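For reference, the structure discussed in these notes is given below.
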2 protein chains.
Amino acid sequence: MDPHLLRRFVAVAGHGSFSAAARELGYTQSAVSQHIAALEKDLGAVLLQRRPVAPTGVGVRLLEHARPLLLRWDAARADMARLTTAPATRIVLGVAPLAMTAWLSSTLADLRGAQPGLDVTVRVLGRAALTRDVATAAVDLGLVDGMAAPADPLQLPDTGLLTTTALAEEPLAVALPAGHPLADRAGLRLADLADAQWIEAPDTAIPLAPLRTASGSDGYRSSLRYEGTDVRGLTALIAAGHGLALLPQREFDDLPGIRAVPVRTPRLVHRIEALHHEMPDGPAARLAAALVAAS
Amino acid sequence: MDPHLLRRFVAVAGHGSFSAAARELGYTQSAVSQHIAALEKDLGAVLLQRRPVAPTGVGVRLLEHARPLLLRWDAARADMARLTTAPATRIVLGVAPLAMTAWLSSTLADLRGAQPGLDVTVRVLGRAALTRDVATAAVDLGLVDGMAAPADPLQLPDTGLLTTTALAEEPLAVALPAGHPLADRAGLRLADLADAQWIEAPDTAIPLAPLRTASGSDGYRSSLRYEGTDVRGLTALIAAGHGLALLPQREFDDLPGIRAVPVRTPRLVHRIEALHHEMPDGPAARLAAALVAAS
DNA sequence: TCGCGTTACGAGGGTCGTAAAAATT
DNA sequence: AATTTTTACGACCCTCGTAACGCGA
């Protein structure tokens, strides 16, 4: 169960093709084929169905182990690399779409005003990419978001020695098209909308899967999936009646065609946390501290 | 950063000796030396001081990554092995010392009475060994314990796809020798004992490190360390005045020379959880379900 | 027949043990 | 001087790419 073999297995399963994975990884199809064969022999089970290429039951299970495992692996590597390298002067700030707030913009303006040499890249990333890039140190500081009970921390994939700090909590609301029967309520119970039509926007809105597990219900189904990190695109779909989504209430302050009705029960908030490696002193550490101080 | 290399690094650091680690692993000293050299070259940093052999700063950091990483790795391997193997008929039940309760004994008696073919090994293990052995499937079902806020889950090292289920919560008490000034109180504030003399018994009582981090204080110091899983040995040391320890209150019902004073603030409980892989149907799965049902 | 995955085989590189050297106590 | 770690070197094995093969659309 070599990590390299595991990584290739994940790639093949992801691409649904040996050749595509081989191209991406810079190997021959033959080599990739041998890797998968070796892994299957090692584990004593067929991991992939061929033609079409799709993971078997055992393969799916292995994927569930492999993805977080490899993420942790990369995080460890990146952390070791940081220890032996000088801190960069250019800071990459990774931001989840819903963490890209007016507060962040103005705080960043203040910081850059006070410190003219501060050289920052702001990079908006989806949830999976953001935690991955923080883990692998492709971004120095990540502003992640999600749903949580008030004062509870976010449930993030475990990446080892990363540090999280709470930055903000705000009311969570259901985004409804203006004409929706519930659109003029002052607040609502989430369970009343379990059977509504939802939009699955895993990188932009709150993903639906945790809603289902939290409520124990089978509802919150979606027939439209929105991939991307542009909130305006999502709100346009909601306004057009394609379905509902969970967003922080402030996102709607100036949007026509949408009503944001706060979720009253269960008690849930939209939460933003800073995620980063324990940083030696440097620009990234100072930025992190300043954001926390300003929150 | 091969897992094998990492494993050997952990072994060498643990033994404080290349030769001892080599003996344990069935390699030559030479090979182990080459492994460490390769790892150090790969990471571009010296990981171990030689003569005496001790981890450097970077090495310590790597150990912090490596130990949980390898545990997860083993857990994934064990889980895959389970999927391709028939469930065993003999069940190994791993139990933390403080989870070895009268309730467990009688529940187990009931279960074995109802099901005569049930073949069980009860194995008392310290905290680190227990989570490790559950992860690697050396035990089928682990009863782990620890300190937590009421209704909060235990903080366990992340081992991937393991499942936990709450079994019991009980009052947490400070074990004091009978003559102690606070021994006759009905309850006490933990902070009042921050400067007392404690006994560090990581496998038997509540470890002191989480107390320090939770309280943010530097107190709860110990000058006596108790290694082992025998609660009676620890209570004997407490009765003799070597120091204090945190234990569930029931442990003292019949012990002379000791007073158990419940901790009133902060609100904390001793909690027992069942820890196991998602099990296919089999004796282990049935035992887990029965224990949860009886709790 | 074409596209894709598997198998056969050989070159190259990496890993281990033996043995000798170096360093610390 | 003894013990422990490092280095040198050679045998072995493993991995990758090329190329031939098998198989399904």
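FYI, nothing fancy with the structure tokens labels: chains A, B, ... in order, residues from 1 per chain, ligands from 1 as they appear.
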
Q: May I ask you to extract the residues of chain B within 10 Å of chain C, using only C-alpha atoms (C1' of nucleotides), and to give them as JSON, numbers by chain?
A: {"B": [27, 28, 29, 30, 31, 34, 35, 50, 51, 52]}

Q: Write out as a PyMOL selection string which residues come within 8 Å of stretch 232-236 of chain A when counting only C-alpha atoms (C1' of nucleotides), dropping same-chain ones fewer than 5 positions away.
A: chain A and resi 175+201+204+226+258

Q. Using the chain letters and numbers from this document, which residues of stretch 114-245 of chain B does DSSP assign to strand (DSSP E or B), as number ranges by chain?
A. B: 119-124, 141-148, 162-177, 188-189, 198-200, 222-225, 244-245

Same residues, C-alpha atoms, output as a PDB file, in the first residue's frame:
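And here is the file that came out, result.pdb:
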```
ATOM      1  CA  ASP B 119     -16.029 -16.611  22.726  1.00  0.00           C
ATOM      2  CA  VAL B 120     -14.548 -13.396  24.105  1.00  0.00           C
ATOM      3  CA  THR B 121     -11.134 -12.171  25.162  1.00  0.00           C
ATOM      4  CA  VAL B 122     -11.169  -9.120  27.428  1.00  0.00           C
ATOM      5  CA  ARG B 123      -7.906  -7.234  27.147  1.00  0.00           C
ATOM      6  CA  VAL B 124      -7.141  -4.232  29.335  1.00  0.00           C
ATOM      7  CA  LEU B 141     -14.039  -3.483  19.741  1.00  0.00           C
ATOM      8  CA  GLY B 142     -12.463  -0.916  22.043  1.00  0.00           C
ATOM      9  CA  LEU B 143     -13.983   0.690  25.122  1.00  0.00           C
ATOM     10  CA  VAL B 144     -12.081   3.946  25.419  1.00  0.00           C
ATOM     11  CA  ASP B 145     -12.439   6.529  28.140  1.00  0.00           C
ATOM     12  CA  GLY B 146     -11.500  10.081  28.889  1.00  0.00           C
ATOM     13  CA  MET B 147     -12.557  13.453  30.141  1.00  0.00           C
ATOM     14  CA  ALA B 148     -15.074  15.600  28.310  1.00  0.00           C
ATOM     15  CA  LEU B 162     -13.575   4.459  12.841  1.00  0.00           C
ATOM     16  CA  THR B 163     -16.958   4.788  14.496  1.00  0.00           C
ATOM     17  CA  THR B 164     -17.566   5.897  18.072  1.00  0.00           C
ATOM     18  CA  THR B 165     -20.678   5.455  20.174  1.00  0.00           C
ATOM     19  CA  ALA B 166     -21.260   6.898  23.622  1.00  0.00           C
ATOM     20  CA  LEU B 167     -21.701   4.236  26.295  1.00  0.00           C
ATOM     21  CA  ALA B 168     -21.593   6.047  29.634  1.00  0.00           C
ATOM     22  CA  GLU B 169     -20.998   9.336  31.376  1.00  0.00           C
ATOM     23  CA  GLU B 170     -20.316   9.583  35.086  1.00  0.00           C
ATOM     24  CA  PRO B 171     -19.154  12.239  37.521  1.00  0.00           C
ATOM     25  CA  LEU B 172     -15.491  13.018  37.553  1.00  0.00           C
ATOM     26  CA  ALA B 173     -13.764  13.251  40.907  1.00  0.00           C
ATOM     27  CA  VAL B 174     -10.404  14.138  42.349  1.00  0.00           C
ATOM     28  CA  ALA B 175      -8.886  11.279  44.307  1.00  0.00           C
ATOM     29  CA  LEU B 176      -7.419  12.651  47.533  1.00  0.00           C
ATOM     30  CA  PRO B 177      -5.707  10.845  50.403  1.00  0.00           C
ATOM     31  CA  LEU B 188     -14.589  21.383  44.572  1.00  0.00           C
ATOM     32  CA  ARG B 189     -13.248  23.625  41.856  1.00  0.00           C
ATOM     33  CA  TRP B 198      -0.439  15.319  40.938  1.00  0.00           C
ATOM     34  CA  ILE B 199       0.400  11.849  39.729  1.00  0.00           C
ATOM     35  CA  GLU B 200       0.761  11.470  35.966  1.00  0.00           C
ATOM     36  CA  SER B 222       3.504  15.853  38.669  1.00  0.00           C
ATOM     37  CA  SER B 223       6.755  14.447  39.984  1.00  0.00           C
ATOM     38  CA  LEU B 224       5.609  10.838  39.975  1.00  0.00           C
ATOM     39  CA  ARG B 225       4.667   8.962  36.861  1.00  0.00           C
ATOM     40  CA  LEU B 244      -3.713  13.369  43.297  1.00  0.00           C
ATOM     41  CA  ALA B 245      -5.407  12.014  40.217  1.00  0.00           C
TER      42      ALA B 245
END
```

Q.
Just list as a PyMOL selection string whatever in stretch 196-258 of chain B DSSP marks as helix (DSSP H, G or I).
A. chain B and resi 209-215+231-239+249-252

Write the residues of the preceding selection, restricted to C-alpha atoms, as a PDB file, in the first residue's frame.
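Generated file (selection-v1.pdb):
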```pdb
ATOM      1  CA  ALA B 209      -1.724  17.520  29.648  1.00  0.00           C
ATOM      2  CA  PRO B 210      -5.337  18.167  28.535  1.00  0.00           C
ATOM      3  CA  LEU B 211      -6.026  19.731  31.930  1.00  0.00           C
ATOM      4  CA  ARG B 212      -3.263  22.222  31.371  1.00  0.00           C
ATOM      5  CA  THR B 213      -4.343  23.106  27.855  1.00  0.00           C
ATOM      6  CA  ALA B 214      -8.022  23.294  28.862  1.00  0.00           C
ATOM      7  CA  SER B 215      -7.367  25.546  31.832  1.00  0.00           C
ATOM      8  CA  VAL B 231      -6.084   1.065  39.003  1.00  0.00           C
ATOM      9  CA  ARG B 232      -5.399  -0.428  42.457  1.00  0.00           C
ATOM     10  CA  GLY B 233      -1.720   0.382  42.155  1.00  0.00           C
ATOM     11  CA  LEU B 234      -2.551   3.983  41.409  1.00  0.00           C
ATOM     12  CA  THR B 235      -5.020   4.320  44.270  1.00  0.00           C
ATOM     13  CA  ALA B 236      -2.425   2.879  46.641  1.00  0.00           C
ATOM     14  CA  LEU B 237      -0.010   5.624  45.610  1.00  0.00           C
ATOM     15  CA  ILE B 238      -2.693   8.252  46.118  1.00  0.00           C
ATOM     16  CA  ALA B 239      -3.596   6.870  49.557  1.00  0.00           C
ATOM     17  CA  GLN B 249     -16.156   8.740  41.292  1.00  0.00           C
ATOM     18  CA  ARG B 250     -17.353   5.135  41.380  1.00  0.00           C
ATOM     19  CA  GLU B 251     -13.780   3.830  41.499  1.00  0.00           C
ATOM     20  CA  PHE B 252     -13.609   4.744  45.190  1.00  0.00           C
TER      21      PHE B 252
END
```

Only residues of chain D matter here; which ones have an atom within 8 Å of chain B, counting only C-alpha atoms (C1' of nucleotides)? Give them as a PDB file with N, CA, C and O atoms (P, O5', C5', C4', C3', O3' and C1' of nucleotides), in the first residue's frame.
```pdb
ATOM      1  P    DT D   4      26.513  -0.571  21.703  1.00  0.00           P
ATOM      2  O5'  DT D   4      26.448   0.585  20.617  1.00  0.00           O
ATOM      3  C5'  DT D   4      26.725   1.926  21.015  1.00  0.00           C
ATOM      4  C4'  DT D   4      26.898   2.779  19.775  1.00  0.00           C
ATOM      5  C3'  DT D   4      25.885   2.474  18.657  1.00  0.00           C
ATOM      6  O3'  DT D   4      25.227   3.668  18.287  1.00  0.00           O
ATOM      7  C1'  DT D   4      28.082   2.545  17.803  1.00  0.00           C
ATOM      8  P    DT D   5      24.014   3.667  17.285  1.00  0.00           P
ATOM      9  O5'  DT D   5      24.632   4.384  16.005  1.00  0.00           O
ATOM     10  C5'  DT D   5      25.125   5.718  16.119  1.00  0.00           C
ATOM     11  C4'  DT D   5      25.991   6.038  14.913  1.00  0.00           C
ATOM     12  C3'  DT D   5      25.260   6.018  13.563  1.00  0.00           C
ATOM     13  O3'  DT D   5      25.420   7.284  12.946  1.00  0.00           O
ATOM     14  C1'  DT D   5      27.309   4.822  13.440  1.00  0.00           C
ATOM     15  P    DT D   6      24.812   7.580  11.483  1.00  0.00           P
ATOM     16  O5'  DT D   6      26.064   7.328  10.532  1.00  0.00           O
ATOM     17  C5'  DT D   6      27.229   8.116  10.698  1.00  0.00           C
ATOM     18  C4'  DT D   6      28.270   7.692   9.680  1.00  0.00           C
ATOM     19  C3'  DT D   6      27.818   7.756   8.221  1.00  0.00           C
ATOM     20  O3'  DT D   6      28.769   8.520   7.505  1.00  0.00           O
ATOM     21  C1'  DT D   6      28.817   5.665   8.695  1.00  0.00           C
TER      22       DT D   6
END
```

At a cut-off of 12 Å, can you tabulate as CSV every residue of chain A near chain B together with its closest atom pair and the distance in Å to one decimal, using only C-alpha atoms and ordering rows by chain then number?
```
residue,atom,partner,partner_atom,distance
A:Met1,CA,B:Arg77,CA,7.6
A:Asp2,CA,B:Pro3,CA,7.7
A:Pro3,CA,B:Asp2,CA,7.7
A:His4,CA,B:Asp2,CA,9.2
A:Leu5,CA,B:Asp2,CA,11.8
A:Leu6,CA,B:Trp73,CA,11.3
A:Leu39,CA,B:Met80,CA,11.6
A:Glu40,CA,B:Met80,CA,10.9
A:Lys41,CA,B:Thr84,CA,11.9
A:Asp42,CA,B:Ala81,CA,10.1
A:Leu43,CA,B:Ala81,CA,6.9
A:Gly44,CA,B:Thr84,CA,7.1
A:Ala45,CA,B:Thr84,CA,6.8
A:Val46,CA,B:Thr84,CA,10.1
A:Leu47,CA,B:Met80,CA,10.7
A:Gly57,CA,B:Leu83,CA,9.6
A:Val58,CA,B:Leu83,CA,7.2
A:Gly59,CA,B:Met80,CA,9.3
A:Val60,CA,B:Met80,CA,10.8
A:Arg61,CA,B:Met80,CA,7.8
A:Leu62,CA,B:Met80,CA,7.0
A:Leu63,CA,B:Ala76,CA,10.1
A:Glu64,CA,B:Leu161,CA,8.0
A:His65,CA,B:Ala76,CA,5.9
A:Ala66,CA,B:Ala76,CA,8.0
A:Arg67,CA,B:Gly160,CA,10.4
A:Pro68,CA,B:Gly160,CA,7.9
A:Leu69,CA,B:Arg72,CA,7.2
A:Leu70,CA,B:Leu69,CA,9.6
A:Leu71,CA,B:Leu69,CA,10.4
A:Arg72,CA,B:Leu69,CA,7.2
A:Trp73,CA,B:Leu69,CA,7.2
A:Asp74,CA,B:Met1,CA,10.0
A:Ala75,CA,B:His65,CA,8.9
A:Ala76,CA,B:His65,CA,5.9
A:Arg77,CA,B:Met1,CA,7.6
A:Ala78,CA,B:Leu43,CA,10.1
A:Asp79,CA,B:Leu62,CA,8.7
A:Met80,CA,B:Leu43,CA,7.0
A:Ala81,CA,B:Leu43,CA,7.0
A:Arg82,CA,B:Leu43,CA,10.4
A:Leu83,CA,B:Val58,CA,7.2
A:Thr84,CA,B:Ala45,CA,6.8
A:Thr85,CA,B:Gly44,CA,9.7
A:Asp152,CA,B:Asp152,CA,11.1
A:Leu156,CA,B:Asp158,CA,12.0
A:Pro157,CA,B:Gly160,CA,9.9
A:Asp158,CA,B:Asp158,CA,7.3
A:Thr159,CA,B:Asp158,CA,9.5
A:Gly160,CA,B:His65,CA,6.7
A:Leu161,CA,B:His65,CA,7.2
A:Leu162,CA,B:His65,CA,10.6
A:Glu278,CA,B:Arg61,CA,10.9
```

Q. Near A:Ala21, within 8 Å and counting only C-alpha atoms (C1' of nucleotides), which residues show up once chain neighbours fewer than 4 positions away are dropped, as a list of chain:residue names?
A. A:Arg8, A:Ala11, A:Val12, A:His15, A:Ser17, A:Leu25, A:Val32

Next, the residues of the selection above should be written as a tab-separated table (two decimals), in the first residue's frame with C-alpha atoms.
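Listing of out08.tsv after writing:
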```tsv
chain	number	residue	atom	x	y	z
A	8	ARG	CA	-2.32	6.63	-8.86
A	11	ALA	CA	-6.13	9.41	-10.10
A	12	VAL	CA	-7.39	6.48	-12.17
A	15	HIS	CA	-10.48	10.05	-14.32
A	17	SER	CA	-9.50	5.90	-17.29
A	25	LEU	CA	0.89	11.76	-13.99
A	32	VAL	CA	-0.27	2.73	-14.37
```

Q | Close residues, A:Leu190 itself excluded, 10 Å, only C-alpha atoms (C1' of nucleotides), min 2 positions apart in chain, as a list in words | A |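 Surrounding residues, per the criterion: Ala173, Val174, Gly187, Leu188, Asp192, Leu193, Ala194, Leu211, Ser215, Tyr220, Leu246, Pro262, Val263, Arg264, Thr265, Pro266, Arg267 and Leu268 of chain A.
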
Keeping only C-alpha atoms, take the residues you just selected and write them out as a compact mmCIF listing (two decimals), in the first residue's frame.
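Output saved as part.txt:
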```
# COMPACT_ATOMS: atom_id res chain seq x y z
CA ALA A 173 -30.53 31.87 5.87
CA VAL A 174 -32.39 30.01 3.18
CA GLY A 187 -37.79 33.07 10.05
CA LEU A 188 -38.39 29.40 9.39
CA ASP A 192 -40.16 22.48 6.68
CA LEU A 193 -38.04 22.72 3.56
CA ALA A 194 -36.67 19.17 3.59
CA LEU A 211 -27.90 18.65 6.29
CA SER A 215 -31.33 15.96 10.34
CA TYR A 220 -32.80 18.20 0.92
CA LEU A 246 -28.28 27.88 2.38
CA PRO A 262 -33.16 33.27 8.54
CA VAL A 263 -33.12 29.71 9.80
CA ARG A 264 -34.55 29.72 13.33
CA THR A 265 -34.51 25.99 14.08
CA PRO A 266 -32.24 24.22 14.39
CA ARG A 267 -29.87 26.87 15.75
CA LEU A 268 -27.20 27.09 13.12
```

Q: Between atom CA of A:Pro202 and atom CA of A:Thr56, measure the distance and give it in Å to one decimal.
A: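 That distance, rounded to one decimal, is 24.9 Å.
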
(Q) If we count only C-alpha atoms (C1' of nucleotides) and set the cut-off at 10 Å, which residues sit around stretch 109-118 of chain A, ignoring sequence neighbours fewer than 5 positions away in its own chain? Please answer as a PyMOL selection string. (A) chain A and resi 89-91+103-104+283-284+287+290-291+294

Produce a file of the selected residues containing all heavy atoms, as a CSV table (one decimal), in the first residue's frame.
```csv
chain,number,residue,atom,x,y,z
A,89,THR,N,7.9,36.2,0.9
A,89,THR,CA,7.5,37.6,1.2
A,89,THR,C,6.1,37.8,0.6
A,89,THR,O,5.3,38.6,1.1
A,89,THR,CB,8.5,38.6,0.5
A,89,THR,OG1,8.5,38.3,-0.8
A,89,THR,CG2,9.8,38.4,1.2
A,90,ARG,N,5.8,37.1,-0.5
A,90,ARG,CA,4.5,37.2,-1.1
A,90,ARG,C,3.5,36.2,-0.4
A,90,ARG,O,3.8,35.0,-0.3
A,90,ARG,CB,4.6,36.8,-2.6
A,90,ARG,CG,3.2,36.5,-3.3
A,90,ARG,CD,3.3,36.5,-4.8
A,90,ARG,NE,3.3,37.9,-5.3
A,90,ARG,CZ,2.2,38.6,-5.5
A,90,ARG,NH1,1.0,38.1,-5.2
A,90,ARG,NH2,2.3,39.8,-6.0
A,91,ILE,N,2.4,36.7,0.0
A,91,ILE,CA,1.4,35.9,0.7
A,91,ILE,C,0.3,35.5,-0.2
A,91,ILE,O,-0.2,36.4,-0.9
A,91,ILE,CB,0.8,36.7,1.9
A,91,ILE,CG1,2.0,37.1,2.9
A,91,ILE,CG2,-0.2,35.8,2.7
A,91,ILE,CD1,1.5,38.0,3.9
A,103,TRP,N,-16.1,42.8,5.0
A,103,TRP,CA,-15.2,43.0,6.2
A,103,TRP,C,-13.8,42.6,5.8
A,103,TRP,O,-12.9,43.3,6.2
A,103,TRP,CB,-15.7,42.1,7.3
A,103,TRP,CG,-14.8,42.0,8.5
A,103,TRP,CD1,-14.7,42.9,9.5
A,103,TRP,CD2,-13.7,41.0,8.7
A,103,TRP,NE1,-13.6,42.5,10.3
A,103,TRP,CE2,-13.0,41.4,9.8
A,103,TRP,CE3,-13.3,39.9,8.0
A,103,TRP,CZ2,-12.0,40.7,10.3
A,103,TRP,CZ3,-12.2,39.2,8.4
A,103,TRP,CH2,-11.6,39.6,9.6
A,104,LEU,N,-13.7,41.5,5.1
A,104,LEU,CA,-12.3,41.1,4.7
A,104,LEU,C,-11.7,42.1,3.8
A,104,LEU,O,-10.5,42.5,4.0
A,104,LEU,CB,-12.4,39.7,4.0
A,104,LEU,CG,-11.0,39.2,3.4
A,104,LEU,CD1,-10.0,39.0,4.6
A,104,LEU,CD2,-11.2,38.0,2.6
A,283,PRO,N,5.5,37.3,7.1
A,283,PRO,CA,4.4,38.1,6.7
A,283,PRO,C,3.0,37.3,6.9
A,283,PRO,O,2.0,37.9,7.3
A,283,PRO,CB,4.7,38.3,5.2
A,283,PRO,CG,6.1,38.0,5.0
A,283,PRO,CD,6.5,37.1,6.1
A,284,ALA,N,3.1,36.0,6.6
A,284,ALA,CA,1.8,35.2,6.6
A,284,ALA,C,1.3,35.2,8.1
A,284,ALA,O,0.2,35.3,8.4
A,284,ALA,CB,2.0,33.8,6.1
A,287,LEU,N,-0.2,38.5,9.0
A,287,LEU,CA,-1.5,38.7,8.4
A,287,LEU,C,-2.5,37.9,9.2
A,287,LEU,O,-3.6,38.4,9.5
A,287,LEU,CB,-1.5,38.2,6.9
A,287,LEU,CG,-2.8,38.3,6.2
A,287,LEU,CD1,-3.4,39.7,6.3
A,287,LEU,CD2,-2.7,37.8,4.8
A,290,ALA,N,-3.3,39.6,12.4
A,290,ALA,CA,-4.0,40.9,12.2
A,290,ALA,C,-5.5,40.6,11.9
A,290,ALA,O,-6.4,41.3,12.4
A,290,ALA,CB,-3.4,41.7,11.1
A,291,LEU,N,-5.7,39.6,11.1
A,291,LEU,CA,-7.1,39.2,10.8
A,291,LEU,C,-7.9,38.8,12.0
A,291,LEU,O,-9.0,39.2,12.3
A,291,LEU,CB,-7.2,38.1,9.7
A,291,LEU,CG,-6.8,38.5,8.3
A,291,LEU,CD1,-6.9,37.3,7.4
A,291,LEU,CD2,-7.8,39.6,7.8
A,294,ALA,N,-8.6,41.8,14.2
A,294,ALA,CA,-9.6,42.7,13.7
A,294,ALA,C,-11.0,42.1,13.7
A,294,ALA,O,-12.0,42.8,13.5
A,294,ALA,CB,-9.3,43.1,12.2
```
